[in-house]
file model17.csv (CSV, C-alpha atoms)
chain,number,residue,atom,x,y,z
A,223,MET,CA,0.0,0.0,0.0
A,224,GLU,CA,1.3,3.5,-0.8
A,225,PRO,CA,2.3,5.8,2.1
A,226,ALA,CA,-0.7,8.2,1.4
A,227,ALA,CA,-3.1,5.2,1.4
A,228,ASN,CA,-1.7,4.1,4.7
A,229,LEU,CA,-2.2,7.6,6.2
A,230,ALA,CA,-5.7,7.7,4.8
A,231,MET,CA,-6.6,4.3,6.2
A,232,ALA,CA,-5.1,5.3,9.6
A,233,SER,CA,-7.3,8.4,9.6
A,234,MET,CA,-10.4,6.5,8.8
A,235,GLU,CA,-9.7,3.9,11.4
A,236,ARG,CA,-9.0,6.5,14.1
A,237,LEU,CA,-12.2,8.3,13.1
A,238,VAL,CA,-14.3,5.2,13.6
A,239,GLU,CA,-12.5,4.4,16.9
A,240,LEU,CA,-13.0,7.9,18.3
A,241,LYS,CA,-16.4,8.8,16.9
A,242,GLY,CA,-18.1,5.7,15.6
A,243,ASP,CA,-21.0,6.5,13.3
A,244,ILE,CA,-20.5,10.2,12.3
A,245,THR,CA,-23.8,10.5,10.4
A,246,GLY,CA,-25.7,12.5,13.0
A,247,GLU,CA,-22.9,14.9,13.6
A,248,VAL,CA,-22.2,15.4,9.9
A,249,ILE,CA,-25.8,15.9,9.0
A,250,ALA,CA,-26.4,18.4,11.8
A,251,ARG,CA,-23.4,20.4,10.8
A,252,TYR,CA,-24.3,20.2,7.1
A,253,TYR,CA,-27.9,21.3,7.6
A,254,ALA,CA,-26.6,24.2,9.8
A,255,ARG,CA,-24.6,25.4,6.9
A,256,PHE,CA,-27.1,24.4,4.1
A,257,PRO,CA,-30.6,24.3,5.8
A,258,GLU,CA,-32.3,24.2,2.4
A,259,ALA,CA,-30.6,20.9,1.6
A,260,ARG,CA,-32.8,19.0,4.1
A,261,ALA,CA,-35.8,19.4,1.6
A,262,SER,CA,-33.7,17.8,-1.1
A,263,PHE,CA,-32.9,14.8,1.2
A,264,GLU,CA,-36.6,14.6,2.0
A,265,GLN,CA,-37.5,14.5,-1.6
A,266,HIS,CA,-34.8,12.1,-2.8
A,267,GLY,CA,-35.2,9.9,0.2
A,268,CYS,CA,-38.7,9.1,-0.8
A,269,GLY,CA,-39.8,8.7,2.8
A,270,TYR,CA,-36.4,7.3,3.9
A,271,ARG,CA,-34.5,10.6,4.5
A,272,GLU,CA,-32.4,9.2,7.4
A,273,GLU,CA,-31.3,6.2,5.4
A,274,LEU,CA,-30.3,8.5,2.5
A,275,GLU,CA,-28.4,10.8,4.8
A,276,GLY,CA,-26.5,7.7,6.2
A,277,ARG,CA,-25.7,6.5,2.7
A,278,MET,CA,-24.5,9.9,1.6
A,279,VAL,CA,-22.3,10.4,4.6
A,280,ASN,CA,-20.9,6.8,4.2
A,281,THR,CA,-20.4,7.4,0.4
A,282,THR,CA,-18.6,10.7,1.1
A,283,ALA,CA,-16.2,9.2,3.6
A,284,PHE,CA,-15.5,6.3,1.1
A,285,PHE,CA,-15.0,8.9,-1.7
A,286,LEU,CA,-12.4,10.7,0.4
A,287,LEU,CA,-10.6,7.4,1.0
A,288,GLN,CA,-10.8,6.4,-2.7
A,289,TRP,CA,-9.4,9.8,-3.7
A,290,ILE,CA,-6.2,9.1,-1.8
A,291,GLU,CA,-6.0,5.4,-2.7
A,292,ASN,CA,-6.9,5.5,-6.4
A,293,ARG,CA,-7.4,9.1,-7.7
A,294,THR,CA,-7.7,8.1,-11.4
A,295,SER,CA,-10.5,5.6,-10.7
A,296,THR,CA,-12.3,8.2,-8.5
A,297,LEU,CA,-12.0,10.9,-11.2
A,298,ILE,CA,-13.6,8.6,-13.7
A,299,GLU,CA,-16.5,7.7,-11.3
A,300,GLN,CA,-17.0,11.3,-10.1
A,301,GLY,CA,-16.9,12.6,-13.7
A,302,THR,CA,-20.4,11.3,-14.2
A,303,THR,CA,-21.6,11.5,-10.6
A,304,ILE,CA,-21.1,15.3,-10.2
A,305,PRO,CA,-23.0,16.3,-13.4
A,306,ARG,CA,-25.8,13.8,-12.6
A,307,HIS,CA,-26.2,15.3,-9.1
A,308,HIS,CA,-26.5,18.8,-10.6
A,309,ASP,CA,-28.6,18.1,-13.7
A,310,THR,CA,-30.9,15.3,-12.5
A,311,LEU,CA,-31.1,15.6,-8.7
A,312,GLN,CA,-30.6,19.4,-8.6
A,313,VAL,CA,-27.8,19.0,-6.1
A,314,GLY,CA,-25.4,21.8,-7.1
A,315,PRO,CA,-21.7,22.0,-6.5
A,316,GLN,CA,-22.1,24.0,-3.2
A,317,TRP,CA,-24.1,21.3,-1.6
A,318,TYR,CA,-22.0,18.5,-3.1
A,319,MET,CA,-18.7,20.1,-1.9
A,320,GLY,CA,-20.4,21.1,1.4
A,321,LEU,CA,-21.0,17.5,2.4
A,322,ILE,CA,-17.4,16.6,1.5
A,323,ASP,CA,-16.2,19.5,3.6
A,324,THR,CA,-18.3,18.5,6.5
A,325,VAL,CA,-17.1,14.9,6.5
A,326,LEU,CA,-13.6,16.1,6.1
A,327,ALA,CA,-13.9,18.6,9.0
A,328,VAL,CA,-15.1,15.9,11.3
A,329,LEU,CA,-12.2,13.7,10.2
A,330,LEU,CA,-9.6,16.4,10.6
A,331,GLU,CA,-10.7,17.0,14.2
A,332,THR,CA,-9.6,13.5,15.1
A,333,ILE,CA,-6.1,13.9,13.7
A,334,PRO,CA,-3.5,14.5,16.4
A,335,ALA,CA,-1.7,17.8,16.2
A,336,GLU,CA,1.6,16.1,15.7
A,337,ASN,CA,0.4,14.3,12.6
A,338,ALA,CA,1.0,17.3,10.3
A,339,ASP,CA,1.7,15.1,7.2
A,340,GLU,CA,-1.6,13.3,7.6
A,341,ARG,CA,-3.5,16.5,8.0
A,342,GLY,CA,-1.7,18.1,5.1
A,343,MET,CA,-2.6,15.2,2.9
A,344,TRP,CA,-6.3,15.7,3.5
A,345,ILE,CA,-6.2,19.4,3.0
A,346,ALA,CA,-4.3,18.9,-0.3
A,347,ALA,CA,-6.9,16.4,-1.3
A,348,ARG,CA,-9.7,18.8,-0.5
A,349,SER,CA,-8.1,21.4,-2.7
A,350,GLU,CA,-7.7,18.9,-5.6
A,351,ILE,CA,-11.4,17.8,-5.2
A,352,ALA,CA,-12.6,21.4,-5.2
A,353,GLN,CA,-10.6,22.1,-8.4
A,354,PHE,CA,-12.1,18.9,-10.0
A,355,VAL,CA,-15.7,19.9,-9.0
A,356,GLU,CA,-15.1,23.3,-10.6
A,357,GLN,CA,-13.9,21.7,-13.8
A,358,MET,CA,-17.0,19.5,-13.9
A,359,ARG,CA,-19.2,22.6,-14.2
A,360,SER,CA,-18.5,22.7,-17.9
A,361,GLU,CA,-20.2,19.3,-18.2
A,362,PHE,CA,-23.6,20.5,-16.8
A,363,PHE,CA,-26.4,20.8,-19.2
A,364,ARG,CA,-28.8,22.5,-16.7
A,365,LYS,CA,-27.9,26.1,-16.0
A,366,ASP,CA,-25.5,26.4,-13.1
A,367,ASP,CA,-26.6,29.2,-10.8
A,368,ASP,CA,-25.0,27.6,-7.7
A,369,GLY,CA,-22.3,30.2,-7.2
A,370,PRO,CA,-18.8,29.7,-5.9
A,371,LEU,CA,-17.8,26.7,-3.9
A,372,PRO,CA,-17.9,27.2,-0.1
A,373,ALA,CA,-14.7,28.2,1.5
A,374,PHE,CA,-13.0,25.5,3.6
A,375,ASP,CA,-11.7,26.5,7.0
A,376,PRO,CA,-10.1,23.3,8.3
A,377,PRO,CA,-10.6,22.8,12.0
A,378,GLN,CA,-7.7,22.5,14.3
A,379,SER,CA,-6.4,19.1,15.3
A,380,LYS,CA,-7.1,17.9,18.8
A,381,SER,CA,-4.4,16.1,20.8
A,382,ALA,CA,-4.9,12.4,20.9
call {"tool": "encode", "arguments": {"input": "model17.csv", "output": "structure tokens"}}
result
Amino acid sequence: MEPAANLAMASMERLVELKGDITGEVIARYYARFPEARASFEQHGCGYREELEGRMVNTTAFFLLQWIENRTSTLIEQGTTIPRHHDTLQVGPQWYMGLIDTVLAVLLETIPAENADERGMWIAARSEIAQFVEQMRSEFFRKDDDGPLPAFDPPQSKSA
């Protein structure tokens, strides 16, 4: 396994050990920032909003891990996923990136302060992902009125 993949796996394992299921925390933070996204989850959840929320948080955490482990494969997969979310589901880049940022913020809070390389890897990945999401806007067929991506202010690490 590549060094970055080892760091990513260590991050995810620590996240699970320290926080367990992060769905409730992530969704609460996400809705605090994007309250109008709740109606989208209600609509697309077809009566199973909480299950959809759980799947989306899980998928986002897995996406972050995949980005580090196999970026090329992830780029191919997300190259259709991002436009489909925008054009079909009307989930624009802000909401899309907002969920990534929220999962990433919860993850970063569990990284010990002395693990600067691990933290730096995730912050660099976030920057790469944001650039990719921006590039995907040219693939949208539905008008993109979503505005700029949300800024990311990474939380400070906590001592382990």
call {"tool": "atom_distance", "arguments": {"input": "model17.csv", "atom1": "CA of Leu371 (chain A)", "atom2": "CA of Ala352 (chain A)"}}
result
7.5 Å
call {"tool": "closest_residue", "arguments": {"input": "model17.csv", "among": "A:Gly314, A:Trp344, A:Gly320, A:Phe374", "to": "Met358 (chain A)", "atoms": "only C-alpha atoms"}}
result
A:Gly314
call {"tool": "atom_distance", "arguments": {"input": "model17.csv", "atom1": "CA of Ala261 (chain A)", "atom2": "CA of Ile351 (chain A)"}}
result
25.4 Å
call {"tool": "residues_near_point", "arguments": {"input": "model17.csv", "point": "(-16.1, 6.9, -7.4)", "cutoff": "12 Å", "atoms": "all atoms listed in the file", "output": "list in words"}}
result
Thr281, Thr282, Ala283, Phe284, Phe285, Leu286, Leu287, Gln288, Trp289, Ile290, Glu291, Asn292, Arg293, Thr294, Ser295, Thr296, Leu297, Ile298, Glu299, Gln300, Gly301, Thr302, Thr303 and Ile304 of chain A
call {"tool": "atom_distance", "arguments": {"input": "model17.csv", "atom1": "CA of Glu336 (chain A)", "atom2": "CA of Ala230 (chain A)"}}
result
15.6 Å
call {"tool": "closest_residue", "arguments": {"input": "model17.csv", "among": "A:Glu275, A:Glu340, A:Asp375, A:Glu356", "to": "Ile244 (chain A)", "atoms": "all atoms listed in the file"}}
result
A:Glu275
call {"tool": "closest_residue", "arguments": {"input": "model17.csv", "among": "A:Asp368, A:Glu272, A:Glu331, A:Glu350", "to": "Tyr318 (chain A)", "atoms": "only C-alpha atoms"}}
result
A:Asp368
call {"tool": "build_atoms", "arguments": {"input": "model17.csv", "residues": "region 301-316 of chain A", "atoms": "N, CA, C and O atoms", "output": "PDB file, in the frame of the given file"}}
result
ATOM      1  N   GLY A 301     -16.659  11.848 -12.471  1.00  0.00           N
ATOM      2  CA  GLY A 301     -16.900  12.600 -13.700  1.00  0.00           C
ATOM      3  C   GLY A 301     -18.319  12.461 -14.219  1.00  0.00           C
ATOM      4  O   GLY A 301     -18.804  13.319 -14.955  1.00  0.00           O
ATOM      5  N   THR A 302     -19.020  11.412 -13.830  1.00  0.00           N
ATOM      6  CA  THR A 302     -20.400  11.300 -14.200  1.00  0.00           C
ATOM      7  C   THR A 302     -21.326  11.600 -12.979  1.00  0.00           C
ATOM      8  O   THR A 302     -22.444  12.074 -13.148  1.00  0.00           O
ATOM      9  N   THR A 303     -20.839  11.343 -11.783  1.00  0.00           N
ATOM     10  CA  THR A 303     -21.600  11.500 -10.600  1.00  0.00           C
ATOM     11  C   THR A 303     -21.941  13.020 -10.329  1.00  0.00           C
ATOM     12  O   THR A 303     -23.086  13.378 -10.019  1.00  0.00           O
ATOM     13  N   ILE A 304     -20.949  13.869 -10.466  1.00  0.00           N
ATOM     14  CA  ILE A 304     -21.100  15.300 -10.200  1.00  0.00           C
ATOM     15  C   ILE A 304     -22.152  15.924 -11.150  1.00  0.00           C
ATOM     16  O   ILE A 304     -23.109  16.568 -10.707  1.00  0.00           O
ATOM     17  N   PRO A 305     -22.015  15.726 -12.466  1.00  0.00           N
ATOM     18  CA  PRO A 305     -23.000  16.300 -13.400  1.00  0.00           C
ATOM     19  C   PRO A 305     -24.430  15.682 -13.131  1.00  0.00           C
ATOM     20  O   PRO A 305     -25.438  16.401 -13.211  1.00  0.00           O
ATOM     21  N   ARG A 306     -24.516  14.394 -12.813  1.00  0.00           N
ATOM     22  CA  ARG A 306     -25.800  13.800 -12.600  1.00  0.00           C
ATOM     23  C   ARG A 306     -26.470  14.414 -11.327  1.00  0.00           C
ATOM     24  O   ARG A 306     -27.672  14.707 -11.323  1.00  0.00           O
ATOM     25  N   HIS A 307     -25.688  14.639 -10.275  1.00  0.00           N
ATOM     26  CA  HIS A 307     -26.200  15.300  -9.100  1.00  0.00           C
ATOM     27  C   HIS A 307     -26.765  16.685  -9.442  1.00  0.00           C
ATOM     28  O   HIS A 307     -27.841  17.076  -8.989  1.00  0.00           O
ATOM     29  N   HIS A 308     -26.029  17.424 -10.247  1.00  0.00           N
ATOM     30  CA  HIS A 308     -26.500  18.800 -10.600  1.00  0.00           C
ATOM     31  C   HIS A 308     -27.662  18.739 -11.556  1.00  0.00           C
ATOM     32  O   HIS A 308     -28.672  19.396 -11.304  1.00  0.00           O
ATOM     33  N   ASP A 309     -27.551  18.003 -12.638  1.00  0.00           N
ATOM     34  CA  ASP A 309     -28.600  18.100 -13.700  1.00  0.00           C
ATOM     35  C   ASP A 309     -29.830  17.295 -13.391  1.00  0.00           C
ATOM     36  O   ASP A 309     -30.921  17.749 -13.729  1.00  0.00           O
ATOM     37  N   THR A 310     -29.725  16.157 -12.742  1.00  0.00           N
ATOM     38  CA  THR A 310     -30.900  15.300 -12.500  1.00  0.00           C
ATOM     39  C   THR A 310     -31.467  15.524 -11.103  1.00  0.00           C
ATOM     40  O   THR A 310     -32.683  15.634 -10.940  1.00  0.00           O
ATOM     41  N   LEU A 311     -30.607  15.562 -10.110  1.00  0.00           N
ATOM     42  CA  LEU A 311     -31.100  15.600  -8.700  1.00  0.00           C
ATOM     43  C   LEU A 311     -31.133  17.079  -8.203  1.00  0.00           C
ATOM     44  O   LEU A 311     -31.621  17.305  -7.105  1.00  0.00           O
ATOM     45  N   GLN A 312     -30.622  18.014  -8.985  1.00  0.00           N
ATOM     46  CA  GLN A 312     -30.600  19.400  -8.600  1.00  0.00           C
ATOM     47  C   GLN A 312     -29.820  19.637  -7.292  1.00  0.00           C
ATOM     48  O   GLN A 312     -30.227  20.402  -6.425  1.00  0.00           O
ATOM     49  N   VAL A 313     -28.727  18.901  -7.172  1.00  0.00           N
ATOM     50  CA  VAL A 313     -27.800  19.000  -6.100  1.00  0.00           C
ATOM     51  C   VAL A 313     -26.555  19.689  -6.653  1.00  0.00           C
ATOM     52  O   VAL A 313     -25.752  19.029  -7.307  1.00  0.00           O
ATOM     53  N   GLY A 314     -26.452  20.996  -6.461  1.00  0.00           N
ATOM     54  CA  GLY A 314     -25.400  21.800  -7.100  1.00  0.00           C
ATOM     55  C   GLY A 314     -24.036  21.576  -6.419  1.00  0.00           C
ATOM     56  O   GLY A 314     -23.911  20.924  -5.373  1.00  0.00           O
ATOM     57  N   PRO A 315     -23.012  22.159  -7.014  1.00  0.00           N
ATOM     58  CA  PRO A 315     -21.700  22.000  -6.500  1.00  0.00           C
ATOM     59  C   PRO A 315     -21.472  22.488  -5.048  1.00  0.00           C
ATOM     60  O   PRO A 315     -20.679  21.899  -4.322  1.00  0.00           O
ATOM     61  N   GLN A 316     -22.212  23.518  -4.619  1.00  0.00           N
ATOM     62  CA  GLN A 316     -22.100  24.000  -3.200  1.00  0.00           C
ATOM     63  C   GLN A 316     -22.494  22.891  -2.251  1.00  0.00           C
ATOM     64  O   GLN A 316     -21.793  22.615  -1.277  1.00  0.00           O
TER      65      GLN A 316
END
